[in-house]
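Trainee: Sharing a structure here in structure tokens format.
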Amino acid sequence: MRSRVLLSVSALVAALVTGLPGGPAEAAPATFTHPGVLVSRPQLDFVRAKVQANEQPWKAAYDQMNASRYASLTRTPSPRAIVECGSYSNPNNGCTDEREDALAAYTLALRWYISRDSRYAEKAISIMDAWSATIKEHTNSNAPLQSGWAGSTWPRAAEIIRHTYSGWPNAGRFATMLREVYLPEVAGGSSSNGNWELTMTEAALGIAVFLEDRAAYDRAVAKFRARVPAFLYITADGALPVAPPVGGVDTRDEIIRFWHEQTTFVDGLSQETCRDFTHTGYGLASISHIAETARIQGQDLYPEVAERLRHGLGFHAKYQLGAAVPSWLCRGDLTLGLGPVTEVGFNALHNRMGIPMTNTQTLTERQRPAGTNNLFVAWETLTHANNPH
């Protein structure tokens, strides 16, 4: 009986995300906003003004970014035709190089916009051009995840450069790279742990914005709407979490195994809490990033996920701050390390929507300036701290 109930919940989620009667249709914009992946022009202008006025925490965050290896004008990109990434990046044939070159392009694009020093725009372009002239595919077991990490970052850099700097002759070739190399790897989703599919969906949405591909945009929003309820639990879900949209996880025992043997469910618990906070943080970051990009494009997804996201951030912030771990939670043993992932969601939910978030606020302010996880999260105190736009 429970299996049939879970299947009906999954069917309902599928109906919601595919725009069937009774569910919200996707809403790719008729006209895309640029730059519009994670950061918008009004947000960038806000940041630039704060840095120029030497106001905190933005100036400290900007200095932190500029001191990183990703901001260097002497960086030499390391593109490969085939990037091979196995489980836990073993083998690692170009995986770190690709992720870090993408982060460098984004970092340099931000530095260009804030400083208006064209050397940084040109350096970002040289990195993006090197990869678009070279890469053909990703291989091995982590190919979808690797494509998600790098594919989340490339469009952020490309959006800023293409729409705020004149002179990128190979922008079309870069667009072809995103469409032919990255989008096929990330658009299909994943039955793996939730952070995989959420990161892949983030990449798919950002690529869709850069390409102005309305169909790809709608597919990404559909996957987002299906996966978030299966990643963050709230008590309204019932005795068990929502089943993931793919992978055949239907019965009670299958769901508990998928949730890393957790059997007690409370508001904000994540499908990966009992794995570790680091991978949970990846999922929380991508949820925030996707909602932020969609909001810039005129589709506010935050109200749909606000209850889950606020509880998810607050629950994990509480233990990251040092709260005692009860015996019912992950057998009394948590592996911490949430990472610099709270700024975007906190700014959206607390500052824009007025939702109290005591634990998340404490952790966010304690971690400032938030740096980078060297994968796909970078400089979010700079871009999103108290940003009203």
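Each chain of the structure tokens is named A, B, ... in the order shown, its residues numbered from 1; ligands are numbered from 1 in display order.
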Enumerate, in order of chain and increasing residue number, the residues of range 143-196 of chain A with an atom no farther than 12 Å from range 129-133 of chain A, each with its shortest atom pair and distance in Å to one decimal, counting only C-alpha atoms, as CSV.

Mentor:
```
residue,atom,partner,partner_atom,distance
A:Ala150,CA,A:Trp131,CA,11.3
A:Trp154,CA,A:Trp131,CA,10.3
A:Ala158,CA,A:Asp129,CA,10.6
A:Trp168,CA,A:Asp129,CA,9.1
A:Pro169,CA,A:Asp129,CA,9.4
A:Asn170,CA,A:Asp129,CA,6.7
A:Ala171,CA,A:Asp129,CA,8.1
A:Gly172,CA,A:Ser132,CA,9.5
A:Arg173,CA,A:Ser132,CA,6.3
A:Phe174,CA,A:Ser132,CA,5.1
A:Ala175,CA,A:Ser132,CA,8.4
A:Thr176,CA,A:Ser132,CA,8.0
A:Met177,CA,A:Ser132,CA,5.6
A:Leu178,CA,A:Ser132,CA,8.4
A:Arg179,CA,A:Ser132,CA,11.0
A:Glu180,CA,A:Ser132,CA,10.6
A:Val181,CA,A:Ser132,CA,9.5
A:Tyr182,CA,A:Ser132,CA,11.1
```

Trainee: Pull the helix (DSSP H, G or I) assignments for range 22-258 of chain A out of DSSP run on the backbone, and list those residues as a VMD selection string.

Mentor: chain A and resid 41 to 52 58 to 67 69 to 71 87 to 89 95 to 115 118 to 132 143 to 164 171 to 186 194 to 211 214 to 231 235 to 237 252 to 258

Trainee: Tell me which of A:Ile114, A:Cys330, A:Leu301, A:Leu284 sits closest to Ile256 in chain A, counting only C-alpha atoms.

Mentor: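 Distance minimum relative to Ile256 in chain A lands on A:Cys330.
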
Trainee: Could you work out how far CA of Lys223 in chain A lies from CA of Gly238 in chain A, giving the answer in Å with one decimal?

Mentor: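 Atom-to-atom, CA of Gly238 in chain A and CA of Lys223 in chain A are spaced 21.8 Å apart.
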
Trainee: What is the distance between CA of Arg308 in chain A and CA of Phe224 in chain A, in Å to one decimal?

Mentor: 13.0 Å

Trainee: With only C-alpha atoms counted and 10 Å as the cut-off, give the residues of range 19-85 of chain A in contact with range 202-206 of chain A, each with its shortest interatomic distance in Å and the pair that gives it, as a Markdown table.

Mentor:
```
| residue | atom | partner | partner_atom | distance |
| --- | --- | --- | --- | --- |
| A:Gly36 | CA | A:Gly206 | CA | 8.3 |
| A:Val37 | CA | A:Gly206 | CA | 5.6 |
| A:Leu38 | CA | A:Gly206 | CA | 8.1 |
```

Trainee: Name all residues at most 9 Å from His279 in chain A (count only C-alpha atoms; drop same-chain ones fewer than 6 positions away) and give them as an mmCIF file with all heavy atoms, in the first residue's frame.

Mentor:
```cif
data_model
loop_
_atom_site.group_PDB
_atom_site.id
_atom_site.type_symbol
_atom_site.label_atom_id
_atom_site.label_comp_id
_atom_site.auth_asym_id
_atom_site.auth_seq_id
_atom_site.Cartn_x
_atom_site.Cartn_y
_atom_site.Cartn_z
ATOM 1 N N ASN A 193 22.663 10.466 -5.967
ATOM 2 C CA ASN A 193 22.352 11.357 -4.855
ATOM 3 C C ASN A 193 21.899 12.713 -5.380
ATOM 4 O O ASN A 193 22.316 13.164 -6.446
ATOM 5 C CB ASN A 193 23.575 11.526 -3.961
ATOM 6 C CG ASN A 193 23.834 10.312 -3.091
ATOM 7 O OD1 ASN A 193 23.039 9.972 -2.219
ATOM 8 N ND2 ASN A 193 24.947 9.637 -3.330
ATOM 9 N N GLY A 194 21.073 13.389 -4.598
ATOM 10 C CA GLY A 194 20.423 14.597 -5.069
ATOM 11 C C GLY A 194 21.351 15.701 -5.513
ATOM 12 O O GLY A 194 21.020 16.474 -6.422
ATOM 13 N N ASN A 195 22.538 15.811 -4.902
ATOM 14 C CA ASN A 195 23.428 16.896 -5.291
ATOM 15 C C ASN A 195 23.840 16.765 -6.749
ATOM 16 O O ASN A 195 24.059 17.768 -7.430
ATOM 17 C CB ASN A 195 24.648 16.969 -4.363
ATOM 18 C CG ASN A 195 25.770 16.018 -4.762
ATOM 19 O OD1 ASN A 195 26.630 16.324 -5.581
ATOM 20 N ND2 ASN A 195 25.758 14.822 -4.172
ATOM 21 N N GLU A 272 21.005 13.805 1.850
ATOM 22 C CA GLU A 272 22.429 13.511 2.027
ATOM 23 C C GLU A 272 22.983 13.956 3.377
ATOM 24 O O GLU A 272 24.196 13.896 3.582
ATOM 25 C CB GLU A 272 23.237 14.132 0.885
ATOM 26 C CG GLU A 272 22.860 13.554 -0.466
ATOM 27 C CD GLU A 272 23.825 13.913 -1.580
ATOM 28 O OE1 GLU A 272 24.916 13.305 -1.630
ATOM 29 O OE2 GLU A 272 23.489 14.794 -2.402
ATOM 30 N N THR A 273 22.116 14.369 4.307
ATOM 31 C CA THR A 273 22.598 14.792 5.626
ATOM 32 C C THR A 273 23.458 13.721 6.265
ATOM 33 O O THR A 273 24.530 14.003 6.818
ATOM 34 C CB THR A 273 21.411 15.121 6.550
ATOM 35 O OG1 THR A 273 20.641 16.174 5.980
ATOM 36 C CG2 THR A 273 21.899 15.529 7.928
ATOM 37 N N GLY A 337 31.047 20.246 7.522
ATOM 38 C CA GLY A 337 31.769 20.824 6.390
ATOM 39 C C GLY A 337 30.812 21.348 5.341
ATOM 40 O O GLY A 337 30.925 21.031 4.157
ATOM 41 N N LEU A 338 29.862 22.192 5.775
ATOM 42 C CA LEU A 338 28.797 22.640 4.876
ATOM 43 C C LEU A 338 29.325 23.455 3.706
ATOM 44 O O LEU A 338 28.794 23.391 2.596
ATOM 45 C CB LEU A 338 27.769 23.457 5.666
ATOM 46 C CG LEU A 338 26.437 23.751 4.992
ATOM 47 C CD1 LEU A 338 25.700 22.466 4.652
ATOM 48 C CD2 LEU A 338 25.575 24.637 5.891
#
```

Trainee: Which is closer to Gly86 in chain A than all the others in A:His138, A:Lys318, A:Arg162, A:Arg156, using only C-alpha atoms?

Mentor: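 Under the stated criterion, the closest residue is A:His138.
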
Trainee: Determine the nearest neighbour of Val377 in chain A from the options A:Ala124, A:Arg331, A:Asp267, A:Thr107, counting only C-alpha atoms.

Mentor: A:Thr107

Trainee: For each of A:Thr278, A:Ser68, A:Thr134, A:Ser141, take the minimum atom-to-atom distance to Arg80 in chain A, counting only C-alpha atoms, then give the residue where this is smallest.

Mentor: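 Nearest to Arg80 in chain A: A:Thr134.
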
Trainee: Please provide the set of residues having any atom within 7 Å of Glu343 in chain A, restricted to only C-alpha atoms, with same-chain residues fewer than 4 positions apart removed, written as a list in words.

Mentor: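 Within the cut-off, the hits are Asn347, Thr364, Glu380, Thr381, His384 and Ala385 of chain A.
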
Trainee: If I take CA of Val221 in chain A and CA of Arg252 in chain A, how far is one from the other in Å, to one decimal?

Mentor: 27.4 Å

Trainee: Which residues are near His34 in chain A? Cut-off 8 Å, only C-alpha atoms, ignore same chain within fewer than 6 positions. Put them as a PyMOL selection string.

Mentor: chain A and resi 40-41+159-160+163

Trainee: Write the residues of the preceding selection, restricted to N, CA, C and O atoms, as a PDB file, in the first residue's frame.

Mentor:
```
ATOM      1  N   SER A  40      22.824  39.499 -11.870  1.00  0.00           N
ATOM      2  CA  SER A  40      22.235  40.397 -12.861  1.00  0.00           C
ATOM      3  C   SER A  40      23.021  41.700 -12.899  1.00  0.00           C
ATOM      4  O   SER A  40      23.838  41.979 -12.012  1.00  0.00           O
ATOM      5  N   ARG A  41      22.743  42.523 -13.892  1.00  0.00           N
ATOM      6  CA  ARG A  41      23.423  43.817 -13.958  1.00  0.00           C
ATOM      7  C   ARG A  41      23.114  44.686 -12.733  1.00  0.00           C
ATOM      8  O   ARG A  41      24.038  45.288 -12.162  1.00  0.00           O
ATOM      9  N   GLU A 159      28.135  35.056 -19.531  1.00  0.00           N
ATOM     10  CA  GLU A 159      27.076  36.054 -19.513  1.00  0.00           C
ATOM     11  C   GLU A 159      27.620  37.453 -19.219  1.00  0.00           C
ATOM     12  O   GLU A 159      27.245  38.433 -19.864  1.00  0.00           O
ATOM     13  N   ILE A 160      28.502  37.539 -18.225  1.00  0.00           N
ATOM     14  CA  ILE A 160      29.059  38.851 -17.877  1.00  0.00           C
ATOM     15  C   ILE A 160      29.882  39.408 -19.027  1.00  0.00           C
ATOM     16  O   ILE A 160      29.725  40.573 -19.419  1.00  0.00           O
ATOM     17  N   HIS A 163      27.807  40.283 -22.359  1.00  0.00           N
ATOM     18  CA  HIS A 163      26.787  41.326 -22.286  1.00  0.00           C
ATOM     19  C   HIS A 163      27.251  42.600 -21.584  1.00  0.00           C
ATOM     20  O   HIS A 163      26.452  43.529 -21.416  1.00  0.00           O
TER      21      HIS A 163
END
```

Trainee: Tell me, as a list in words, which residues lie within 9 Å of Arg214 in chain A, counting only C-alpha atoms; anything in the same chain fewer than 3 positions away does not count.

Mentor: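 So, after excluding close chain neighbours, the residues are Ala27, Ala28, Pro29, Ala30, Ala208, Val209, Leu211, Tyr217, Asp218 and Arg219 of chain A.
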
Trainee: Please provide as a list in words all residues within 10 Å of Asn374 in chain A, with the sequence filter that same-chain residues fewer than 3 positions apart are discarded (counting only C-alpha atoms).

Mentor: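 Near Asn374 in chain A, the qualifying residues are Tyr70, Thr96, Arg99, Glu100, Ala102, Leu103, Ala104, Trp149, Gly371, Val377 and Ala378 of chain A.
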
Trainee: Write to file, as an mmCIF file, in the first residue's frame, the residues of the selection just made, with N, CA, C and O atoms.

Mentor:
```cif
data_model
loop_
_atom_site.group_PDB
_atom_site.id
_atom_site.type_symbol
_atom_site.label_atom_id
_atom_site.label_comp_id
_atom_site.auth_asym_id
_atom_site.auth_seq_id
_atom_site.Cartn_x
_atom_site.Cartn_y
_atom_site.Cartn_z
ATOM 1 N N TYR A 70 42.604 32.387 -8.807
ATOM 2 C CA TYR A 70 41.684 32.481 -9.938
ATOM 3 C C TYR A 70 41.651 33.875 -10.570
ATOM 4 O O TYR A 70 41.151 34.034 -11.683
ATOM 5 N N THR A 96 40.173 18.679 -12.505
ATOM 6 C CA THR A 96 40.478 19.859 -11.696
ATOM 7 C C THR A 96 40.809 21.050 -12.578
ATOM 8 O O THR A 96 40.360 22.177 -12.312
ATOM 9 N N ARG A 99 37.459 22.553 -13.987
ATOM 10 C CA ARG A 99 36.678 23.263 -12.976
ATOM 11 C C ARG A 99 37.349 24.570 -12.583
ATOM 12 O O ARG A 99 36.686 25.611 -12.445
ATOM 13 N N GLU A 100 38.657 24.525 -12.408
ATOM 14 C CA GLU A 100 39.347 25.715 -11.929
ATOM 15 C C GLU A 100 39.520 26.755 -13.028
ATOM 16 O O GLU A 100 39.506 27.960 -12.742
ATOM 17 N N ALA A 102 37.235 27.251 -15.287
ATOM 18 C CA ALA A 102 35.908 27.869 -15.326
ATOM 19 C C ALA A 102 35.750 28.870 -14.185
ATOM 20 O O ALA A 102 35.231 29.987 -14.380
ATOM 21 N N LEU A 103 36.197 28.499 -12.985
ATOM 22 C CA LEU A 103 36.149 29.426 -11.861
ATOM 23 C C LEU A 103 37.001 30.657 -12.121
ATOM 24 O O LEU A 103 36.630 31.779 -11.746
ATOM 25 N N ALA A 104 38.149 30.467 -12.761
ATOM 26 C CA ALA A 104 39.005 31.605 -13.080
ATOM 27 C C ALA A 104 38.309 32.544 -14.060
ATOM 28 O O ALA A 104 38.367 33.772 -13.911
ATOM 29 N N TRP A 149 29.387 20.625 -12.632
ATOM 30 C CA TRP A 149 30.211 21.597 -11.910
ATOM 31 C C TRP A 149 30.768 22.670 -12.853
ATOM 32 O O TRP A 149 30.575 23.857 -12.628
ATOM 33 N N GLY A 371 34.336 32.317 0.551
ATOM 34 C CA GLY A 371 35.235 32.168 -0.588
ATOM 35 C C GLY A 371 34.686 31.230 -1.636
ATOM 36 O O GLY A 371 33.582 31.407 -2.135
ATOM 37 N N VAL A 377 31.075 26.874 -6.485
ATOM 38 C CA VAL A 377 30.601 27.943 -5.606
ATOM 39 C C VAL A 377 31.740 28.928 -5.403
ATOM 40 O O VAL A 377 32.853 28.518 -5.057
ATOM 41 N N ALA A 378 31.483 30.225 -5.612
ATOM 42 C CA ALA A 378 32.578 31.189 -5.505
ATOM 43 C C ALA A 378 32.077 32.597 -5.237
ATOM 44 O O ALA A 378 31.167 33.076 -5.924
#
```

Trainee: Select, from A:Val344, A:Ala121, A:Ala60, A:Val83, the residue with the minimum atom-to-atom distance to Gln146 in chain A, counting only C-alpha atoms.

Mentor: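 Going through A:Val344, A:Ala121, A:Ala60, A:Val83 one by one, the smallest distance to Gln146 in chain A is for A:Val83.
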
Trainee: Which residue out of A:Ser147, A:Ser72, A:Gln52, A:Thr335 has the minimum interatomic distance to Arg116 in chain A when only C-alpha atoms are used?

Mentor: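 Using only C-alpha atoms, Arg116 in chain A sits closest to A:Gln52.
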
Trainee: Report as a ChimeraX atom specification: the residues of range 31-261 of chain A with a DSSP assignment of strand (DSSP E or B), based on the backbone of this structure.

Mentor: /A:36-37,39-40,82-85,92-93,137-139,232

Trainee: Just the selected residues (N, CA and C atoms), exported as a PDB file, in the first residue's frame, please.

Mentor:
```pdb
ATOM      1  N   GLY A  36      22.449  37.231 -16.839  1.00  0.00           N
ATOM      2  CA  GLY A  36      21.327  36.699 -16.084  1.00  0.00           C
ATOM      3  C   GLY A  36      21.515  35.309 -15.531  1.00  0.00           C
ATOM      4  N   VAL A  37      22.755  34.864 -15.310  1.00  0.00           N
ATOM      5  CA  VAL A  37      23.007  33.579 -14.660  1.00  0.00           C
ATOM      6  C   VAL A  37      23.633  33.856 -13.295  1.00  0.00           C
ATOM      7  N   VAL A  39      23.923  36.159 -11.346  1.00  0.00           N
ATOM      8  CA  VAL A  39      24.050  37.583 -11.057  1.00  0.00           C
ATOM      9  C   VAL A  39      23.481  38.403 -12.209  1.00  0.00           C
ATOM     10  N   SER A  40      22.824  39.499 -11.870  1.00  0.00           N
ATOM     11  CA  SER A  40      22.235  40.397 -12.861  1.00  0.00           C
ATOM     12  C   SER A  40      23.021  41.700 -12.899  1.00  0.00           C
ATOM     13  N   ILE A  82      39.438  15.558 -24.272  1.00  0.00           N
ATOM     14  CA  ILE A  82      38.638  14.610 -23.511  1.00  0.00           C
ATOM     15  C   ILE A  82      38.976  14.778 -22.036  1.00  0.00           C
ATOM     16  N   VAL A  83      37.989  15.129 -21.239  1.00  0.00           N
ATOM     17  CA  VAL A  83      38.140  15.236 -19.793  1.00  0.00           C
ATOM     18  C   VAL A  83      37.580  13.959 -19.189  1.00  0.00           C
ATOM     19  N   GLU A  84      38.446  13.199 -18.535  1.00  0.00           N
ATOM     20  CA  GLU A  84      38.046  11.904 -17.976  1.00  0.00           C
ATOM     21  C   GLU A  84      38.023  11.982 -16.457  1.00  0.00           C
ATOM     22  N   CYS A  85      36.847  11.756 -15.879  1.00  0.00           N
ATOM     23  CA  CYS A  85      36.661  11.881 -14.435  1.00  0.00           C
ATOM     24  C   CYS A  85      35.978  10.641 -13.898  1.00  0.00           C
ATOM     25  N   ASN A  92      41.720  11.430 -12.699  1.00  0.00           N
ATOM     26  CA  ASN A  92      41.490  12.865 -12.813  1.00  0.00           C
ATOM     27  C   ASN A  92      42.322  13.365 -13.989  1.00  0.00           C
ATOM     28  N   ASN A  93      41.760  13.223 -15.170  1.00  0.00           N
ATOM     29  CA  ASN A  93      42.441  13.669 -16.384  1.00  0.00           C
ATOM     30  C   ASN A  93      41.776  14.949 -16.890  1.00  0.00           C
ATOM     31  N   GLU A 137      34.505  16.107 -25.271  1.00  0.00           N
ATOM     32  CA  GLU A 137      33.595  15.287 -24.468  1.00  0.00           C
ATOM     33  C   GLU A 137      34.144  15.061 -23.069  1.00  0.00           C
ATOM     34  N   HIS A 138      33.232  14.590 -22.189  1.00  0.00           N
ATOM     35  CA  HIS A 138      33.577  14.119 -20.852  1.00  0.00           C
ATOM     36  C   HIS A 138      33.340  12.612 -20.809  1.00  0.00           C
ATOM     37  N   THR A 139      34.218  11.882 -20.147  1.00  0.00           N
ATOM     38  CA  THR A 139      34.081  10.432 -20.078  1.00  0.00           C
ATOM     39  C   THR A 139      34.238   9.940 -18.643  1.00  0.00           C
ATOM     40  N   LEU A 232      14.989  17.757   0.121  1.00  0.00           N
ATOM     41  CA  LEU A 232      14.779  18.396   1.421  1.00  0.00           C
ATOM     42  C   LEU A 232      13.398  18.020   1.943  1.00  0.00           C
TER      43      LEU A 232
END
```
